[in-house]
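Participant: protein.pdb is reproduced below (PDB, C-alpha atoms).
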```pdb
MODEL        1
ATOM      1  CA  MET A 108      -7.749 -13.893  21.302
ATOM      2  CA  ASN A 109      -7.197 -17.628  21.503
ATOM      3  CA  LYS A 110      -5.777 -19.441  18.475
ATOM      4  CA  ARG A 111      -9.206 -20.206  17.147
ATOM      5  CA  GLU A 112     -10.190 -16.538  17.207
ATOM      6  CA  VAL A 113      -6.892 -15.510  15.598
ATOM      7  CA  MET A 114      -7.443 -17.815  12.628
ATOM      8  CA  PHE A 115     -11.025 -16.721  12.049
ATOM      9  CA  SER A 116      -9.976 -13.063  12.282
ATOM     10  CA  LEU A 117      -7.828 -13.614   9.190
ATOM     11  CA  LEU A 118     -10.947 -14.283   7.145
ATOM     12  CA  GLU A 119     -12.220 -10.744   7.763
ATOM     13  CA  GLU A 120     -10.690  -8.251   5.371
ATOM     14  CA  GLY A 121      -9.394  -5.282   7.298
ATOM     15  CA  GLN A 122      -8.913  -7.257  10.508
ATOM     16  CA  SER A 123      -5.409  -7.441  11.950
ATOM     17  CA  PRO A 124      -4.587 -10.400  14.204
ATOM     18  CA  PRO A 125      -2.243  -9.658  17.106
ATOM     19  CA  TYR A 126       0.593 -11.702  15.571
ATOM     20  CA  ILE A 127       1.514 -13.595  12.411
ATOM     21  CA  PRO A 128       0.101 -17.123  12.796
ATOM     22  CA  ALA A 129       2.041 -20.138  11.581
ATOM     23  CA  ALA A 130       1.619 -23.862  10.982
ATOM     24  CA  PHE A 131       3.589 -26.760   9.530
ATOM     25  CA  PHE A 132       2.604 -30.339   8.793
ATOM     26  CA  LEU A 133       4.392 -33.668   8.575
ATOM     27  CA  HIS A 134       3.482 -37.343   8.363
ATOM     28  CA  PHE A 135       3.856 -39.319  11.564
ATOM     29  CA  ASP A 136       5.123 -42.858  11.913
ATOM     30  CA  PRO A 137       2.516 -45.470  10.851
ATOM     31  CA  ALA A 138       2.075 -46.385  14.512
ATOM     32  CA  PHE A 139       0.254 -43.042  14.847
ATOM     33  CA  HIS A 140      -2.013 -43.231  11.798
ATOM     34  CA  ARG A 141      -5.217 -44.364  13.493
ATOM     35  CA  GLY A 142      -7.147 -44.534  16.717
ATOM     36  CA  ALA A 143      -6.235 -42.888  20.001
ATOM     37  CA  ALA A 144      -2.546 -42.960  19.049
ATOM     38  CA  ALA A 145      -3.229 -40.697  16.066
ATOM     39  CA  VAL A 146      -5.296 -38.296  18.150
ATOM     40  CA  GLN A 147      -2.615 -38.037  20.824
ATOM     41  CA  LYS A 148       0.261 -37.596  18.346
ATOM     42  CA  HIS A 149      -1.542 -34.774  16.542
ATOM     43  CA  LEU A 150      -2.189 -33.044  19.867
ATOM     44  CA  GLU A 151       1.411 -33.563  20.956
ATOM     45  CA  PHE A 152       2.681 -32.043  17.692
ATOM     46  CA  PHE A 153       0.248 -29.124  17.890
ATOM     47  CA  ARG A 154       1.286 -28.236  21.416
ATOM     48  CA  ALA A 155       5.009 -28.932  21.029
ATOM     49  CA  THR A 156       5.312 -26.648  18.004
ATOM     50  CA  SER A 157       2.823 -24.006  19.244
ATOM     51  CA  MET A 158       1.254 -23.896  15.767
ATOM     52  CA  ASP A 159      -2.001 -22.021  15.321
ATOM     53  CA  PHE A 160      -4.412 -24.675  14.070
ATOM     54  CA  VAL A 161      -4.704 -28.441  13.981
ATOM     55  CA  LYS A 162      -4.346 -30.068  10.579
ATOM     56  CA  ILE A 163      -5.222 -33.772  10.579
ATOM     57  CA  GLN A 164      -3.041 -35.819   8.240
ATOM     58  CA  TYR A 165      -5.143 -38.163   6.089
ATOM     59  CA  GLU A 166      -3.459 -41.588   6.095
ATOM     60  CA  HIS A 167      -6.276 -43.787   4.774
ATOM     61  CA  THR A 168      -5.711 -43.564   1.036
ATOM     62  CA  PHE A 169      -7.703 -45.492  -1.555
ATOM     63  CA  PRO A 170      -6.269 -48.994  -2.045
ATOM     64  CA  GLN A 171      -4.524 -49.838  -5.274
ATOM     65  CA  LEU A 172      -6.738 -51.944  -7.577
ATOM     66  CA  PRO A 173      -4.744 -54.167  -9.952
ATOM     67  CA  PHE A 174      -7.782 -54.829 -12.173
ATOM     68  CA  ILE A 175      -7.775 -51.230 -13.396
ATOM     69  CA  GLN A 176      -5.305 -51.532 -16.243
ATOM     70  CA  ARG A 177      -6.818 -49.450 -19.034
ATOM     71  CA  PRO A 178      -9.217 -46.502 -19.277
ATOM     72  CA  ALA A 179     -12.298 -48.667 -19.826
ATOM     73  CA  ASP A 180     -11.664 -50.360 -16.467
ATOM     74  CA  TRP A 181     -12.599 -47.177 -14.578
ATOM     75  CA  ALA A 182     -16.238 -48.145 -15.034
ATOM     76  CA  LYS A 183     -15.524 -50.896 -12.475
ATOM     77  CA  MET A 184     -14.322 -48.460  -9.797
ATOM     78  CA  PRO A 185     -15.997 -49.481  -6.498
ATOM     79  CA  PHE A 186     -17.968 -47.028  -4.404
ATOM     80  CA  TYR A 187     -16.527 -46.756  -0.885
ATOM     81  CA  ASP A 188     -19.254 -46.073   1.662
ATOM     82  CA  LEU A 189     -18.770 -44.676   5.160
ATOM     83  CA  ASP A 190     -17.596 -48.034   6.491
ATOM     84  CA  PHE A 191     -14.422 -47.506   4.458
ATOM     85  CA  TYR A 192     -13.787 -44.194   6.253
ATOM     86  CA  ALA A 193     -14.420 -45.476   9.791
ATOM     87  CA  GLU A 194     -10.814 -45.036  10.936
ATOM     88  CA  PRO A 195     -10.254 -41.438   9.730
ATOM     89  CA  LEU A 196     -13.702 -40.476  11.000
ATOM     90  CA  ALA A 197     -12.735 -41.756  14.449
ATOM     91  CA  VAL A 198      -9.602 -39.571  14.369
ATOM     92  CA  VAL A 199     -11.670 -36.555  13.276
ATOM     93  CA  LYS A 200     -14.134 -37.159  16.098
ATOM     94  CA  GLY A 201     -11.356 -37.438  18.673
ATOM     95  CA  LEU A 202      -9.498 -34.313  17.564
ATOM     96  CA  VAL A 203     -12.631 -32.194  17.220
ATOM     97  CA  ARG A 204     -13.549 -33.121  20.769
ATOM     98  CA  ALA A 205     -10.033 -32.518  22.123
ATOM     99  CA  ALA A 206      -8.860 -29.443  20.200
ATOM    100  CA  LYS A 207     -11.792 -27.477  18.788
ATOM    101  CA  PRO A 208     -12.368 -25.398  21.948
ATOM    102  CA  GLU A 209      -8.919 -23.825  21.499
ATOM    103  CA  ALA A 210      -8.094 -24.153  17.781
ATOM    104  CA  VAL A 211      -9.477 -24.533  14.297
ATOM    105  CA  VAL A 212      -9.406 -28.194  13.230
ATOM    106  CA  VAL A 213      -9.080 -29.072   9.538
ATOM    107  CA  LEU A 214      -8.481 -32.351   7.705
ATOM    108  CA  THR A 215      -6.421 -33.069   4.602
ATOM    109  CA  LEU A 216      -8.725 -33.947   1.719
ATOM    110  CA  TYR A 217      -7.230 -35.413  -1.437
ATOM    111  CA  SER A 218      -8.908 -34.521  -4.723
ATOM    112  CA  PRO A 219     -10.734 -37.103  -6.860
ATOM    113  CA  PHE A 220      -7.791 -37.043  -9.285
ATOM    114  CA  MET A 221      -5.354 -37.769  -6.449
ATOM    115  CA  CYS A 222      -7.525 -40.613  -5.106
ATOM    116  CA  ALA A 223      -7.678 -42.079  -8.608
ATOM    117  CA  GLY A 224      -3.877 -41.924  -8.703
ATOM    118  CA  HIS A 225      -3.715 -43.876  -5.444
ATOM    119  CA  THR A 226      -6.145 -46.409  -6.920
ATOM    120  CA  LEU A 227      -3.987 -46.895  -9.987
ATOM    121  CA  GLY A 228      -0.722 -46.743  -8.075
ATOM    122  CA  SER A 229       0.700 -43.971 -10.260
ATOM    123  CA  ASP A 230      -0.384 -40.430 -11.062
ATOM    124  CA  ARG A 231       1.574 -40.640 -14.321
ATOM    125  CA  ALA A 232      -0.317 -43.765 -15.386
ATOM    126  CA  LEU A 233      -3.556 -41.968 -14.556
ATOM    127  CA  SER A 234      -2.494 -39.052 -16.753
ATOM    128  CA  ARG A 235      -1.908 -41.496 -19.601
ATOM    129  CA  HIS A 236      -5.378 -42.971 -19.133
ATOM    130  CA  ILE A 237      -6.879 -39.486 -19.315
ATOM    131  CA  GLU A 238      -4.903 -38.739 -22.481
ATOM    132  CA  GLU A 239      -6.112 -41.982 -24.058
ATOM    133  CA  ASP A 240      -9.804 -41.857 -23.122
ATOM    134  CA  PRO A 241     -10.956 -38.975 -20.935
ATOM    135  CA  GLU A 242     -14.638 -39.977 -21.016
ATOM    136  CA  ALA A 243     -13.836 -43.442 -19.682
ATOM    137  CA  VAL A 244     -11.792 -42.055 -16.796
ATOM    138  CA  LYS A 245     -14.577 -39.624 -15.910
ATOM    139  CA  LYS A 246     -16.734 -42.610 -14.934
ATOM    140  CA  GLY A 247     -14.255 -43.551 -12.232
ATOM    141  CA  LEU A 248     -13.767 -39.981 -11.086
ATOM    142  CA  SER A 249     -17.514 -39.589 -10.711
ATOM    143  CA  ILE A 250     -17.730 -42.631  -8.428
ATOM    144  CA  ILE A 251     -14.755 -41.420  -6.384
ATOM    145  CA  THR A 252     -16.272 -37.953  -6.012
ATOM    146  CA  GLU A 253     -19.567 -39.321  -4.739
ATOM    147  CA  SER A 254     -17.693 -41.384  -2.149
ATOM    148  CA  LEU A 255     -15.660 -38.371  -1.002
ATOM    149  CA  LEU A 256     -18.831 -36.293  -0.738
ATOM    150  CA  GLU A 257     -20.274 -38.838   1.693
ATOM    151  CA  PHE A 258     -17.067 -38.618   3.720
ATOM    152  CA  VAL A 259     -16.948 -34.804   3.933
ATOM    153  CA  ARG A 260     -20.607 -34.679   4.974
ATOM    154  CA  ALA A 261     -19.851 -37.132   7.785
ATOM    155  CA  CYS A 262     -16.844 -35.030   8.866
ATOM    156  CA  ALA A 263     -18.936 -31.868   8.884
ATOM    157  CA  ALA A 264     -21.560 -33.615  11.002
ATOM    158  CA  LEU A 265     -18.829 -34.370  13.554
ATOM    159  CA  GLY A 266     -18.087 -30.650  13.868
ATOM    160  CA  LEU A 267     -14.913 -30.387  11.766
ATOM    161  CA  ASP A 268     -14.115 -26.737  10.969
ATOM    162  CA  GLY A 269     -12.927 -27.386   7.445
ATOM    163  CA  PHE A 270     -10.591 -29.120   5.039
ATOM    164  CA  TYR A 271      -7.172 -28.658   3.507
ATOM    165  CA  THR A 272      -8.370 -29.389  -0.024
ATOM    166  CA  SER A 273      -5.446 -30.544  -2.120
ATOM    167  CA  THR A 274      -5.563 -30.421  -5.914
ATOM    168  CA  GLN A 275      -3.219 -31.777  -8.561
ATOM    169  CA  GLY A 276      -3.483 -32.289 -12.304
ATOM    170  CA  GLY A 277      -2.975 -28.761 -13.555
ATOM    171  CA  GLU A 278       0.821 -28.759 -13.337
ATOM    172  CA  ALA A 279       3.076 -27.752 -16.208
ATOM    173  CA  GLY A 280       3.667 -30.641 -18.594
ATOM    174  CA  ARG A 281       1.118 -32.951 -16.988
ATOM    175  CA  PHE A 282      -0.807 -33.364 -20.255
ATOM    176  CA  SER A 283       0.179 -32.866 -23.871
ATOM    177  CA  ASN A 284      -3.210 -31.142 -24.147
ATOM    178  CA  PRO A 285      -3.555 -28.850 -21.099
ATOM    179  CA  THR A 286      -7.302 -28.410 -21.681
ATOM    180  CA  LEU A 287      -7.751 -31.945 -20.320
ATOM    181  CA  PHE A 288      -7.420 -30.507 -16.818
ATOM    182  CA  ASP A 289     -10.428 -28.258 -17.390
ATOM    183  CA  GLU A 290     -12.372 -31.018 -19.121
ATOM    184  CA  VAL A 291     -11.690 -33.963 -16.809
ATOM    185  CA  ILE A 292     -10.304 -32.840 -13.443
ATOM    186  CA  ARG A 293     -11.668 -29.378 -12.678
ATOM    187  CA  PRO A 294     -15.389 -30.359 -12.706
ATOM    188  CA  PHE A 295     -14.869 -33.021 -10.026
ATOM    189  CA  ASP A 296     -12.604 -30.754  -7.976
ATOM    190  CA  ARG A 297     -15.318 -28.130  -7.985
ATOM    191  CA  LEU A 298     -18.125 -30.550  -7.116
ATOM    192  CA  LEU A 299     -16.204 -31.638  -4.037
ATOM    193  CA  MET A 300     -14.808 -28.253  -3.011
ATOM    194  CA  ASP A 301     -18.090 -26.419  -3.491
ATOM    195  CA  GLU A 302     -19.760 -28.856  -1.111
ATOM    196  CA  VAL A 303     -16.899 -28.572   1.372
ATOM    197  CA  ASN A 304     -17.242 -24.799   1.389
ATOM    198  CA  ARG A 305     -21.002 -25.014   1.762
ATOM    199  CA  LEU A 306     -20.654 -27.237   4.822
ATOM    200  CA  THR A 307     -17.649 -25.842   6.698
ATOM    201  CA  PRO A 308     -16.354 -22.318   7.423
ATOM    202  CA  PHE A 309     -12.556 -22.634   7.325
ATOM    203  CA  ASN A 310     -11.102 -24.297   4.245
ATOM    204  CA  ILE A 311      -7.602 -24.105   2.808
ATOM    205  CA  LEU A 312      -7.149 -24.529  -0.938
ATOM    206  CA  HIS A 313      -3.795 -26.259  -1.449
ATOM    207  CA  ILE A 314      -2.406 -26.065  -4.992
ATOM    208  CA  CYS A 315      -0.061 -29.023  -4.632
ATOM    209  CA  ASP A 316       3.255 -29.109  -6.492
ATOM    210  CA  TYR A 317       4.478 -32.318  -4.835
ATOM    211  CA  HIS A 318       4.988 -34.126  -8.165
ATOM    212  CA  LEU A 319       5.349 -31.312 -10.700
ATOM    213  CA  PRO A 320       5.618 -27.508 -10.679
ATOM    214  CA  TYR A 321       3.097 -25.095 -12.182
ATOM    215  CA  GLU A 322       3.606 -22.680 -15.004
ATOM    216  CA  ARG A 323       0.938 -20.385 -13.562
ATOM    217  CA  VAL A 324      -1.697 -20.533 -10.832
ATOM    218  CA  ASP A 325      -4.290 -18.030 -12.000
ATOM    219  CA  GLY A 326      -6.334 -20.939 -13.355
ATOM    220  CA  PHE A 327      -7.305 -21.642  -9.737
ATOM    221  CA  LEU A 328      -8.698 -18.207  -8.942
ATOM    222  CA  ASP A 329     -12.251 -19.524  -9.108
ATOM    223  CA  TYR A 330     -11.542 -22.446  -6.770
ATOM    224  CA  PRO A 331     -13.207 -21.994  -3.366
ATOM    225  CA  GLY A 332     -11.393 -21.879  -0.050
ATOM    226  CA  GLN A 333     -11.042 -19.154   2.552
ATOM    227  CA  VAL A 334      -7.221 -19.513   2.605
ATOM    228  CA  VAL A 335      -4.831 -20.390  -0.232
ATOM    229  CA  SER A 336      -1.710 -22.549   0.188
ATOM    230  CA  LEU A 337       0.698 -22.864  -2.719
ATOM    231  CA  GLY A 338       4.323 -23.276  -3.702
ATOM    232  CA  MET A 339       5.872 -20.046  -4.894
ATOM    233  CA  GLU A 340       8.331 -21.660  -7.343
ATOM    234  CA  LEU A 341       6.686 -21.636 -10.775
ATOM    235  CA  THR A 342       8.378 -22.755 -13.970
ATOM    236  CA  THR A 343       8.364 -19.193 -15.255
ATOM    237  CA  ARG A 344       9.084 -17.186 -12.109
ATOM    238  CA  THR A 345       9.039 -17.179  -8.317
ATOM    239  CA  LEU A 346       6.042 -15.584  -6.653
ATOM    240  CA  THR A 347       6.219 -13.770  -3.351
ATOM    241  CA  PRO A 348       3.470 -14.256  -0.752
ATOM    242  CA  ALA A 349       2.458 -10.631  -1.354
ATOM    243  CA  GLU A 350       2.043 -11.320  -5.089
ATOM    244  CA  ALA A 351       0.022 -14.449  -4.328
ATOM    245  CA  TYR A 352      -2.188 -12.400  -2.003
ATOM    246  CA  ALA A 353      -2.724  -9.751  -4.665
ATOM    247  CA  LEU A 354      -3.716 -12.495  -7.106
ATOM    248  CA  PHE A 355      -6.114 -14.468  -4.893
ATOM    249  CA  ARG A 356      -7.274 -11.715  -2.509
ATOM    250  CA  ARG A 357      -7.395 -14.256   0.282
ATOM    251  CA  PRO A 358      -5.068 -15.075   3.205
ATOM    252  CA  ILE A 359      -1.965 -16.911   2.005
ATOM    253  CA  LEU A 360      -0.367 -19.885   3.784
ATOM    254  CA  GLY A 361       3.273 -20.530   2.932
ATOM    255  CA  GLY A 362       6.497 -18.631   2.386
ATOM    256  CA  LEU A 363       9.078 -21.328   3.159
ATOM    257  CA  ASN A 364      10.518 -24.129   1.026
ATOM    258  CA  ARG A 365       9.767 -27.450   2.737
ATOM    259  CA  HIS A 366      13.265 -28.747   1.805
ATOM    260  CA  GLY A 367      15.090 -25.558   2.815
ATOM    261  CA  VAL A 368      16.343 -24.244   6.141
ATOM    262  CA  ILE A 369      13.147 -25.297   7.899
ATOM    263  CA  ALA A 370      14.178 -28.933   7.355
ATOM    264  CA  HIS A 371      17.879 -28.770   8.176
ATOM    265  CA  GLY A 372      18.932 -25.225   9.124
ATOM    266  CA  THR A 373      20.301 -23.891  12.381
ATOM    267  CA  PRO A 374      18.050 -21.859  14.698
ATOM    268  CA  GLU A 375      19.812 -18.688  13.553
ATOM    269  CA  GLN A 376      19.238 -19.515   9.869
ATOM    270  CA  ILE A 377      15.586 -20.349  10.505
ATOM    271  CA  ARG A 378      14.971 -17.129  12.417
ATOM    272  CA  ALA A 379      16.669 -15.051   9.712
ATOM    273  CA  GLU A 380      14.633 -16.593   6.894
ATOM    274  CA  VAL A 381      11.342 -16.341   8.769
ATOM    275  CA  GLU A 382      11.994 -12.691   9.596
ATOM    276  CA  SER A 383      12.745 -11.986   5.927
ATOM    277  CA  VAL A 384       9.525 -13.679   4.815
ATOM    278  CA  CYS A 385       7.422 -11.963   7.474
ATOM    279  CA  ALA A 386       8.862  -8.551   6.656
ATOM    280  CA  ALA A 387       7.558  -8.813   3.084
ATOM    281  CA  ALA A 388       4.360 -10.716   3.884
ATOM    282  CA  PRO A 389       0.871  -9.499   2.983
ATOM    283  CA  PRO A 390      -1.425  -8.284   5.762
ATOM    284  CA  ARG A 391      -3.385 -11.544   5.946
ATOM    285  CA  PHE A 392      -0.709 -14.238   6.075
ATOM    286  CA  ILE A 393       0.022 -17.565   7.750
ATOM    287  CA  LEU A 394       3.661 -18.652   7.811
ATOM    288  CA  GLY A 395       4.099 -22.207   6.566
ATOM    289  CA  ALA A 396       5.841 -24.382   4.019
ATOM    290  CA  ASP A 397       4.854 -24.997   0.416
ATOM    291  CA  CYS A 398       3.708 -28.524   1.321
ATOM    292  CA  THR A 399       4.193 -31.168   4.010
ATOM    293  CA  VAL A 400       7.715 -30.962   5.424
ATOM    294  CA  PRO A 401       9.923 -34.100   5.499
ATOM    295  CA  SER A 402       8.932 -36.419   8.335
ATOM    296  CA  GLU A 403      12.429 -36.287   9.835
ATOM    297  CA  THR A 404      12.293 -32.506  10.260
ATOM    298  CA  PRO A 405      13.080 -31.704  13.913
ATOM    299  CA  TRP A 406      10.048 -30.385  15.734
ATOM    300  CA  GLU A 407      12.363 -27.840  17.364
ATOM    301  CA  ASN A 408      12.962 -26.300  13.921
ATOM    302  CA  LEU A 409       9.240 -25.858  13.417
ATOM    303  CA  ARG A 410       8.772 -24.351  16.858
ATOM    304  CA  THR A 411      11.628 -21.914  16.202
ATOM    305  CA  ALA A 412       9.982 -20.777  12.963
ATOM    306  CA  ILE A 413       6.563 -20.448  14.608
ATOM    307  CA  GLU A 414       7.867 -18.549  17.627
ATOM    308  CA  THR A 415       9.759 -16.197  15.299
ATOM    309  CA  ALA A 416       6.563 -15.462  13.385
ATOM    310  CA  HIS A 417       4.605 -14.978  16.604
ATOM    311  CA  THR A 418       7.095 -12.418  17.956
ATOM    312  CA  PHE A 419       7.759 -10.631  14.660
ATOM    313  CA  ARG A 420       6.652  -7.024  14.658
ATOM    314  CA  ARG A 421       5.854  -5.405  11.352
ATOM    315  CA  GLY A 422       7.631  -2.117  10.722
TER     316      GLY A 422
ENDMDL
END
```
Produce structure tokens that represent the structure in this file.
Facilitator:
Amino acid sequence: MNKREVMFSLLEEGQSPPYIPAAFFLHFDPAFHRGAAAVQKHLEFFRATSMDFVKIQYEHTFPQLPFIQRPADWAKMPFYDLDFYAEPLAVVKGLVRAAKPEAVVVLTLYSPFMCAGHTLGSDRALSRHIEEDPEAVKKGLSIITESLLEFVRACAALGLDGFYTSTQGGEAGRFSNPTLFDEVIRPFDRLLMDEVNRLTPFNILHICDYHLPYERVDGFLDYPGQVVSLGMELTTRTLTPAEAYALFRRPILGGLNRHGVIAHGTPEQIRAEVESVCAAAPPRFILGADCTVPSETPWENLRTAIETAHTFRRG
């Protein structure tokens, strides 16, 4: 099997890939955010670490709009057409052409809620707007979702295998009324993710705890995605990858804390932790971190972790 075949084999229940695949992600220097430089840096990282798929970092976030100051202003949210996405689409085209013959290629896709947070300049300010007037904010989220749908359709037309669909908004303590997530955020998440999963065959649902932790994650069981990526540290308990697999019944990506030994440990510490995680891992598992690792993480650390997973033999 090549790496592409290994990753697709994980999607078949009962299939057993020849080794435990692994992948980590980090943000590159801004000099490598667009054009041929971005394509080459992603390929360099993929090959230097020996990871099992290519994940394109999305570095073209929605610009902050100072005129959106209160909930009613979301009605003025502009619609970004495909011209806005020209640079990331060029990177997608280049990496699909260069890497797809040997590996699955996916692209980070921020949720409508996350793009609205970029637009406002603060996810906390966005949460306040939703608390104050959820119907007003929905108008902006609807415009954002339609723009993102145009973008994912263009990516699919270029041959992209899938997306790393990142969601936020359902974390513990985000809203004084937790039902606002289901009322305001979930419908737009699902519109976007349902289309993504209709168009592409390999999608990773990422339940992102970058800003806040979650009390529980079973509210995402109905979210689409062939693979699930999540942080295991909840406010109430710590999940194991095996427990996450039993909950979602899909391959799990994760197992390591992005700020732990993977970021600053010795090779011996990294190998020991990876072996411990792999020994208790579910049958369909991809070793990774709970989110993007710090940019200064040595690539050698990531390669050590990946090689350890590749050579690990289940008992």
Participant: Can you list, as a ChimeraX atom specification, the residues that the PyMOL selection byres ((chain A and resi 281-297) around 8) selects here?
Facilitator: /A:218-220,234,237-238,241-242,245,248-249,252,274,276-280,298-301,319,330-331
Participant: Compile a residue-level contact table for stretch 296-404 of chain A against stretch 151-160 of chain A at a cut-off of 10 Å, reporting for every qualifying residue the shortest atom pair and its distance in Å to one decimal, with only C-alpha atoms counted, rows ordered by chain and ascending number, as JSON lines.
Facilitator:
```
{"residue": "A:Ile393", "atom": "CA", "partner": "A:Asp159", "partner_atom": "CA", "distance": 9.0}
{"residue": "A:Leu394", "atom": "CA", "partner": "A:Met158", "partner_atom": "CA", "distance": 9.8}
{"residue": "A:Gly395", "atom": "CA", "partner": "A:Met158", "partner_atom": "CA", "distance": 9.8}
```
Participant: Expand the PyMOL selection byres ((chain A and resi 175-186) around 7) into the individual residues it matches in the shown file, reporting them as a count of residues only.
Facilitator: 15
Participant: Hey, which of A:Gly372, A:Pro128, A:Pro137, A:Gly332 ends up closest to A:Thr415? Count only C-alpha atoms.
Facilitator: A:Pro128
Participant: Env of A:Val324: 10 Å cut, atoms = all atoms listed in the file, seq-sep filter 3 positions within chain, self excluded. Answer as a ChimeraX atom specification.
Facilitator: /A:277-278,314,321,327-328,337-339,341,351,354-355
Participant: Given the file shown, enumerate the residues that the PyMOL selection byres ((chain A and resi 261-263) around 9) captures and present them as a list in words.
Facilitator: Leu189, Leu196, Val199, Lys200, Leu214, Leu256, Glu257, Phe258, Val259, Arg260, Ala264, Leu265, Gly266, Leu267, Asp268, Gly269, Val303, Leu306 and Thr307 of chain A
Participant: Could you jot down the atom CA of A:Asn109 to atom CA of A:Ala206 separation for me, Å, one decimal place?
Facilitator: 12.0 Å
Participant: Could you state the separation of atom CA of A:Tyr165 and atom CA of A:Val212 in Å, given to one decimal place?
Facilitator: 13.0 Å
Participant: Since the input lacks atoms, please generate N, CA, C and O atoms for stretch 288-299 of chain A and provide them as a compact mmCIF listing (two decimals), in the frame of the given file.
Facilitator:
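Ended up saving to part.txt:
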```txt
# COMPACT_ATOMS: atom_id res chain seq x y z
N PHE A 288 -7.18 -30.83 -18.23
CA PHE A 288 -7.42 -30.51 -16.82
C PHE A 288 -8.80 -29.89 -16.65
O PHE A 288 -9.58 -30.29 -15.77
N ASP A 289 -9.12 -28.92 -17.49
CA ASP A 289 -10.43 -28.26 -17.39
C ASP A 289 -11.57 -29.20 -17.74
O ASP A 289 -12.66 -29.11 -17.16
N GLU A 290 -11.32 -30.12 -18.65
CA GLU A 290 -12.37 -31.02 -19.12
C GLU A 290 -12.63 -32.16 -18.15
O GLU A 290 -13.79 -32.53 -17.90
N VAL A 291 -11.57 -32.71 -17.56
CA VAL A 291 -11.69 -33.96 -16.81
C VAL A 291 -11.55 -33.77 -15.30
O VAL A 291 -12.28 -34.38 -14.53
N ILE A 292 -10.64 -32.92 -14.86
CA ILE A 292 -10.30 -32.84 -13.44
C ILE A 292 -11.05 -31.72 -12.73
O ILE A 292 -11.62 -31.92 -11.66
N ARG A 293 -11.06 -30.53 -13.32
CA ARG A 293 -11.67 -29.38 -12.68
C ARG A 293 -13.13 -29.61 -12.27
O ARG A 293 -13.52 -29.25 -11.14
N PRO A 294 -13.98 -30.21 -13.11
CA PRO A 294 -15.39 -30.36 -12.71
C PRO A 294 -15.57 -31.17 -11.42
O PRO A 294 -16.43 -30.84 -10.60
N PHE A 295 -14.74 -32.20 -11.23
CA PHE A 295 -14.87 -33.02 -10.03
C PHE A 295 -14.24 -32.32 -8.82
O PHE A 295 -14.75 -32.43 -7.70
N ASP A 296 -13.14 -31.60 -9.04
CA ASP A 296 -12.60 -30.75 -7.98
C ASP A 296 -13.68 -29.81 -7.45
O ASP A 296 -13.89 -29.68 -6.24
N ARG A 297 -14.35 -29.14 -8.37
CA ARG A 297 -15.32 -28.13 -7.98
C ARG A 297 -16.55 -28.75 -7.31
O ARG A 297 -17.07 -28.17 -6.34
N LEU A 298 -17.00 -29.89 -7.78
CA LEU A 298 -18.12 -30.55 -7.12
C LEU A 298 -17.80 -30.80 -5.64
O LEU A 298 -18.62 -30.53 -4.75
N LEU A 299 -16.61 -31.31 -5.40
CA LEU A 299 -16.20 -31.64 -4.04
C LEU A 299 -15.94 -30.38 -3.22
O LEU A 299 -16.45 -30.22 -2.09
```
